[in-house]
Amino acid sequence: MKPLTLPPRLLMGPGPINCYPRVLQAMSHQLVGQYDPAMTGCMNEVMSLYRDVFDTQNQHTVLVDGTSRAGIEAVLVSCIEPGDKVLVPIFGRFGHLLCEIAERAGADVHSIEVPWGEVFEPEQIEAAIKQVQPKVLAVVQGDTSTTMLQPLEHLGEICRRHDVLFYSDATASIGGNPFHTDDWGLDAVSVGLQKCLGGPSGSAPITLSERYVDLVRTRHHIEAGIREDDHQAARGSRIRSNYFDIPMILDYWGESRLNHHTEAASMLFCARECAINLLEEGIEASIKRHKTAGDAMLAGIQAMDLMPFGNLSHKMNNVVGVEIPDCVDGEAIRQQLLLDFNIEIGTSFGPLKGRIWRIGTMGYNARQDAVLHTLQSLETVLRRAGHKMALGEGVDAALGVYASAGASHE
């Protein structure tokens, strides 16, 4: 068996993306024991770093070992008891995912929907809250299936007025779009590393308000074998997942260090480096870089006589949807880009499957050379497939955006 050798792909889809080199390097560190002071010190550093990433003062800011879906499931299964009402505004594939996970936790799930390519007004969500009276509002911020960014800034106040827990999955958006946990009144947020944070999938940072933690602590369970005489029994029903039991995860990350799982050390080192990388650049600078790269890709796409998808006033900074021209085979274009140019772009799901491409500009790949290389390669493939356009205009339009952005920073 030969050593693993993978092709040098440029991942310009909706995620995952190429990792920052320093993140890959951090993952190669040798392991230490899970209760070694160096390990627990690193865990404490990660909690502090992600408070800054989430823009929060929440003490309970930790990692859930697993992909971003693990973070979603941990947040929902820990706060939902059978029969609890959960409201999910759906504007893409990942709203349906929140419904699926909440249903599996035994929730009475209610949803509202807008056409894919649109987002909700706060009034629509408040009207649904008044009607449903849910325990939890669960909403995706950035849904890469539609490339839309749902505004969250008014929803926290609405949830407080109606005594509703406010949760958001911000996996695809954080680090490339504004996100303010405390100012927006969020009770729980979960993310992944494989988008704008520039790491691999496999660790899910979460942050939890005292309001959320007080609620789930009523279901606090300690396993036999580590339970001591002074430990109190839970007042509520036992959380239906052992692995995703947030009170037990908090015991592991907290001062008591009660054994729950063996921390995925390499992913801990990776998550630490992702946060340091973002904070050293500066969150505002990172958002500006993602916006410039996204604007450049959008300008290039439009200059190539391609139609962007959705309401552009609510487009995520870090991914653009592109209507596939009638004259070309969308999957053949993707395959040719991948095999001839080593560039990956995405398709989509559900009603958008085969209708749009999704082109990402995020994390390590939110940079000028990656944008220009993608546009030039896409032009070549489209030209050979018969799509008519003014040659060179896509790259020129993108360069114009970068030139304007550079001038505005001087």
# chains A, B, ... in the order shown; residues from 1 in each chain; ligands from 1
>>> closest_atom_pairs(of="stretch 286-386 of chain A", to="stretch 110-117 of chain A", cutoff="10 Å", atoms="only C-alpha atoms", output="Markdown table")
| residue | atom | partner | partner_atom | distance |
| --- | --- | --- | --- | --- |
| A:Phe309 | CA | A:Gly117 | CA | 6.9 |
| A:Gly310 | CA | A:Gly117 | CA | 4.0 |
| A:Asn311 | CA | A:Gly117 | CA | 5.8 |
| A:Leu312 | CA | A:Gly117 | CA | 8.7 |
| A:His314 | CA | A:Gly117 | CA | 8.7 |
| A:Lys315 | CA | A:Gly117 | CA | 8.7 |
| A:Gly321 | CA | A:Gly117 | CA | 9.2 |
| A:Gly350 | CA | A:Trp116 | CA | 9.8 |
| A:Pro351 | CA | A:Trp116 | CA | 8.1 |
| A:Leu352 | CA | A:Trp116 | CA | 8.3 |
>>> write_last_selection(atoms="C-alpha atoms", output="compact mmCIF listing (two decimals), in the first residue's frame")
# COMPACT_ATOMS: atom_id res chain seq x y z
CA PHE A 309 -28.88 33.44 -8.08
CA GLY A 310 -31.08 34.87 -5.35
CA ASN A 311 -31.62 38.21 -3.65
CA LEU A 312 -28.17 39.77 -3.85
CA HIS A 314 -28.90 39.20 1.28
CA LYS A 315 -26.05 37.22 -0.31
CA GLY A 321 -24.87 31.09 -6.58
CA GLY A 350 -33.40 20.08 -3.76
CA PRO A 351 -35.08 22.58 -6.11
CA LEU A 352 -31.67 24.02 -7.03
>>> residues_around(residues="A:Gln376", least_positions_apart="4", cutoff="7 Å", atoms="only C-alpha atoms", output="VMD selection string")
chain A and resid 372 380 395
>>> residues_around(residues="A:Asp396", least_positions_apart="5", cutoff="10 Å", atoms="only C-alpha atoms", output="short mmCIF file (atom, residue, chain, number, x, y, z; two decimals) with N, CA, C and O atoms, in the first residue's frame")
data_model
loop_
_atom_site.label_atom_id
_atom_site.label_comp_id
_atom_site.auth_asym_id
_atom_site.auth_seq_id
_atom_site.Cartn_x
_atom_site.Cartn_y
_atom_site.Cartn_z
N ALA A 296 -15.62 40.45 -5.85
CA ALA A 296 -14.82 40.25 -7.06
C ALA A 296 -15.33 39.04 -7.84
O ALA A 296 -15.45 39.09 -9.08
N ALA A 299 -18.65 40.06 -9.47
CA ALA A 299 -18.44 40.93 -10.62
C ALA A 299 -17.91 40.15 -11.82
O ALA A 299 -18.33 40.38 -12.97
N GLY A 300 -17.00 39.21 -11.55
CA GLY A 300 -16.45 38.40 -12.63
C GLY A 300 -17.51 37.53 -13.27
O GLY A 300 -17.58 37.40 -14.50
N ALA A 303 -19.76 39.65 -15.43
CA ALA A 303 -19.08 40.10 -16.64
C ALA A 303 -18.95 38.98 -17.67
O ALA A 303 -18.73 39.25 -18.86
N LEU A 372 -9.03 34.92 -9.26
CA LEU A 372 -8.68 35.12 -10.67
C LEU A 372 -8.46 33.79 -11.38
O LEU A 372 -8.89 33.61 -12.53
N LEU A 375 -11.90 32.22 -12.08
CA LEU A 375 -12.63 32.90 -13.15
C LEU A 375 -12.00 32.59 -14.52
O LEU A 375 -12.72 32.33 -15.49
N GLN A 376 -10.68 32.63 -14.60
CA GLN A 376 -10.02 32.37 -15.88
C GLN A 376 -10.27 30.93 -16.34
O GLN A 376 -10.54 30.67 -17.52
N LEU A 391 -14.47 37.76 -23.92
CA LEU A 391 -13.31 37.09 -23.32
C LEU A 391 -12.48 38.06 -22.48
O LEU A 391 -12.22 39.19 -22.89
N VAL A 401 -12.57 45.25 -8.95
CA VAL A 401 -13.04 45.25 -7.57
C VAL A 401 -11.86 45.31 -6.61
O VAL A 401 -11.87 46.08 -5.63
N TYR A 402 -10.85 44.50 -6.88
CA TYR A 402 -9.67 44.54 -5.99
C TYR A 402 -8.97 45.89 -6.04
O TYR A 402 -8.50 46.39 -5.00
#
>>> residues_around(residues="A:Gly92", least_positions_apart="4", cutoff="7 Å", atoms="only C-alpha atoms", output="list in words")
Trp116, Asp143, Ser145 and Thr146 of chain A
>>> write_last_selection(atoms="all heavy atoms", output="JSON list (two decimals), in the first residue's frame")
[["chain", "number", "residue", "atom", "x", "y", "z"],
["A", 116, "TRP", "N", -36.54, 29.58, -1.91],
["A", 116, "TRP", "CA", -35.07, 29.54, -1.88],
["A", 116, "TRP", "C", -34.52, 30.71, -2.71],
["A", 116, "TRP", "O", -34.92, 30.91, -3.85],
["A", 116, "TRP", "CB", -34.57, 28.21, -2.41],
["A", 116, "TRP", "CG", -34.83, 27.06, -1.46],
["A", 116, "TRP", "CD1", -35.80, 26.98, -0.52],
["A", 116, "TRP", "CD2", -34.08, 25.85, -1.38],
["A", 116, "TRP", "NE1", -35.72, 25.79, 0.15],
["A", 116, "TRP", "CE2", -34.69, 25.07, -0.35],
["A", 116, "TRP", "CE3", -33.00, 25.33, -2.07],
["A", 116, "TRP", "CZ2", -34.21, 23.80, 0.00],
["A", 116, "TRP", "CZ3", -32.53, 24.06, -1.73],
["A", 116, "TRP", "CH2", -33.12, 23.31, -0.71],
["A", 143, "ASP", "N", -27.00, 30.04, 4.83],
["A", 143, "ASP", "CA", -27.32, 28.73, 4.25],
["A", 143, "ASP", "C", -26.63, 28.62, 2.90],
["A", 143, "ASP", "O", -27.06, 29.26, 1.93],
["A", 143, "ASP", "CB", -28.83, 28.56, 4.11],
["A", 143, "ASP", "CG", -29.22, 27.11, 3.87],
["A", 143, "ASP", "OD1", -28.56, 26.45, 3.05],
["A", 143, "ASP", "OD2", -30.18, 26.63, 4.51],
["A", 145, "SER", "N", -26.69, 26.37, 0.76],
["A", 145, "SER", "CA", -27.46, 25.76, -0.31],
["A", 145, "SER", "C", -28.11, 26.82, -1.20],
["A", 145, "SER", "O", -28.33, 26.59, -2.39],
["A", 145, "SER", "CB", -28.53, 24.83, 0.25],
["A", 145, "SER", "OG", -29.55, 25.54, 0.92],
["A", 146, "THR", "N", -28.41, 27.99, -0.63],
["A", 146, "THR", "CA", -29.01, 29.09, -1.39],
["A", 146, "THR", "C", -28.10, 30.30, -1.49],
["A", 146, "THR", "O", -28.40, 31.23, -2.23],
["A", 146, "THR", "CB", -30.34, 29.54, -0.76],
["A", 146, "THR", "OG1", -30.08, 30.13, 0.52],
["A", 146, "THR", "CG2", -31.29, 28.37, -0.60]]
>>> closest_residue(among="A:Val62, A:Ala398, A:Leu278, A:Ala264", to="A:Ser48", atoms="only C-alpha atoms")
A:Val62
>>> atom_distance(atom1="atom CA of A:Val319", atom2="atom CA of A:Gly400")
19.0 Å
>>> closest_residue(among="A:Gly406, A:Arg272, A:Glu126, A:Asn18", to="A:Gln194", atoms="only C-alpha atoms")
A:Asn18
>>> closest_residue(among="A:Val132, A:Leu98, A:Leu306, A:Ile222", to="A:Val77", atoms="only C-alpha atoms")
A:Leu98
>>> select_by_dssp(residues="stretch 321-363 of chain A", states="alpha helix (DSSP H)", output="PyMOL selection string")
chain A and resi 330-341
>>> atom_distance(atom1="atom CA of A:Gly142", atom2="atom CA of A:Ser173")
5.2 Å
>>> closest_residue(among="A:Arg358, A:His260, A:Arg69, A:Arg334", to="A:Pro308", atoms="only C-alpha atoms")
A:Arg358
>>> select_by_dssp(residues="stretch 75-295 of chain A", states="strand (DSSP E)", output="PyMOL selection string")
chain A and resi 85-90+108-113+136-140+142-143+148-149+165-169+188-190+203-208
>>> residues_around(residues="A:Asp182", least_positions_apart="5", cutoff="12 Å", atoms="only C-alpha atoms", output="count of residues only")
20
>>> atom_distance(atom1="atom CA of A:Cys274", atom2="atom CA of A:Val32")
20.1 Å
>>> residues_around(residues="A:Ala265", least_positions_apart="5", cutoff="10 Å", atoms="only C-alpha atoms", output="list in words")
Met27, His29, Gln30, Leu31, Val32, Gly33, Gln34, Met39, Cys42, Met43, Asp65, Cys270 and Ala271 of chain A
>>> residues_around(residues="A:Val88", least_positions_apart="2", cutoff="7 Å", atoms="only C-alpha atoms", output="PyMOL selection string")
chain A and resi 86+90+95+99+110-112+137-139
>>> write_last_selection(atoms="all heavy atoms", output="compact mmCIF listing (two decimals), in the first residue's frame")
# COMPACT_ATOMS: atom_id res chain seq x y z
N VAL A 86 -40.68 23.62 18.76
CA VAL A 86 -39.52 24.28 18.16
C VAL A 86 -39.96 24.91 16.84
O VAL A 86 -40.67 24.27 16.06
CB VAL A 86 -38.38 23.27 17.90
CG1 VAL A 86 -37.23 23.92 17.15
CG2 VAL A 86 -37.88 22.68 19.22
N ILE A 90 -37.29 28.19 7.47
CA ILE A 90 -36.54 27.46 6.44
C ILE A 90 -36.40 28.32 5.20
O ILE A 90 -37.39 28.76 4.62
CB ILE A 90 -37.26 26.15 6.07
CG1 ILE A 90 -37.37 25.23 7.30
CG2 ILE A 90 -36.53 25.43 4.94
CD1 ILE A 90 -38.22 23.99 7.06
N GLY A 95 -32.10 24.56 6.93
CA GLY A 95 -33.26 24.70 7.80
C GLY A 95 -33.98 23.38 7.95
O GLY A 95 -34.45 23.02 9.05
N CYS A 99 -34.84 21.02 11.39
CA CYS A 99 -36.11 20.34 11.65
C CYS A 99 -35.89 18.85 11.91
O CYS A 99 -36.45 18.27 12.85
CB CYS A 99 -37.06 20.50 10.46
SG CYS A 99 -37.74 22.16 10.24
N HIS A 110 -42.41 23.08 14.23
CA HIS A 110 -43.19 23.93 13.35
C HIS A 110 -42.21 24.69 12.47
O HIS A 110 -41.13 25.11 12.93
CB HIS A 110 -44.04 24.92 14.14
CG HIS A 110 -45.05 24.26 15.03
ND1 HIS A 110 -46.39 24.23 14.74
CD2 HIS A 110 -44.89 23.58 16.21
CE1 HIS A 110 -47.04 23.57 15.70
NE2 HIS A 110 -46.14 23.16 16.60
N SER A 111 -42.55 24.89 11.21
CA SER A 111 -41.66 25.61 10.30
C SER A 111 -42.44 26.62 9.49
O SER A 111 -43.66 26.49 9.29
CB SER A 111 -40.94 24.64 9.36
OG SER A 111 -41.86 23.95 8.54
N ILE A 112 -41.74 27.65 9.07
CA ILE A 112 -42.23 28.60 8.08
C ILE A 112 -41.21 28.63 6.96
O ILE A 112 -40.03 28.35 7.19
CB ILE A 112 -42.46 30.00 8.68
CG1 ILE A 112 -41.18 30.52 9.37
CG2 ILE A 112 -43.63 29.99 9.65
CD1 ILE A 112 -41.30 31.94 9.92
N LEU A 137 -36.42 28.92 19.13
CA LEU A 137 -36.32 29.35 17.74
C LEU A 137 -34.96 28.90 17.24
O LEU A 137 -33.93 29.28 17.80
CB LEU A 137 -36.44 30.88 17.62
CG LEU A 137 -36.16 31.45 16.22
CD1 LEU A 137 -37.26 31.06 15.24
CD2 LEU A 137 -36.00 32.97 16.27
N ALA A 138 -34.93 28.09 16.19
CA ALA A 138 -33.68 27.56 15.63
C ALA A 138 -33.57 28.04 14.20
O ALA A 138 -34.43 27.73 13.37
CB ALA A 138 -33.66 26.04 15.69
N VAL A 139 -32.51 28.80 13.89
CA VAL A 139 -32.38 29.40 12.56
C VAL A 139 -30.93 29.35 12.10
O VAL A 139 -30.00 29.57 12.88
CB VAL A 139 -32.92 30.86 12.57
CG1 VAL A 139 -32.19 31.72 13.57
CG2 VAL A 139 -32.87 31.48 11.18
>>> closest_residue(among="A:Val64, A:Met148, A:Leu11, A:Val136", to="A:Ser313", atoms="only C-alpha atoms")
A:Met148
>>> closest_residue(among="A:Arg160, A:Lys388, A:Arg289, A:Arg227", to="A:Leu258", atoms="only C-alpha atoms")
A:Arg227
>>> closest_atom_pairs(of="stretch 179-235 of chain A", to="stretch 359-367 of chain A", cutoff="8 Å", atoms="only C-alpha atoms", output="CSV")
residue,atom,partner,partner_atom,distance
A:Lys195,CA,A:Met362,CA,6.1
A:Cys196,CA,A:Gly363,CA,4.1
A:Leu197,CA,A:Gly363,CA,5.6
A:Gly198,CA,A:Gly363,CA,4.5
>>> write_last_selection(atoms="N, CA and C atoms", output="PDB file, in the first residue's frame")
ATOM      1  N   LYS A 195     -15.286  26.339   6.858  1.00  0.00           N
ATOM      2  CA  LYS A 195     -15.707  27.420   5.961  1.00  0.00           C
ATOM      3  C   LYS A 195     -14.743  28.595   6.140  1.00  0.00           C
ATOM      4  N   CYS A 196     -15.237  29.729   6.617  1.00  0.00           N
ATOM      5  CA  CYS A 196     -14.393  30.919   6.712  1.00  0.00           C
ATOM      6  C   CYS A 196     -13.287  30.804   7.754  1.00  0.00           C
ATOM      7  N   LEU A 197     -13.406  29.875   8.710  1.00  0.00           N
ATOM      8  CA  LEU A 197     -12.358  29.712   9.714  1.00  0.00           C
ATOM      9  C   LEU A 197     -11.145  28.976   9.166  1.00  0.00           C
ATOM     10  N   GLY A 198     -11.261  28.358   7.999  1.00  0.00           N
ATOM     11  CA  GLY A 198     -10.102  27.836   7.301  1.00  0.00           C
ATOM     12  C   GLY A 198      -9.491  26.585   7.877  1.00  0.00           C
TER      13      GLY A 198
END
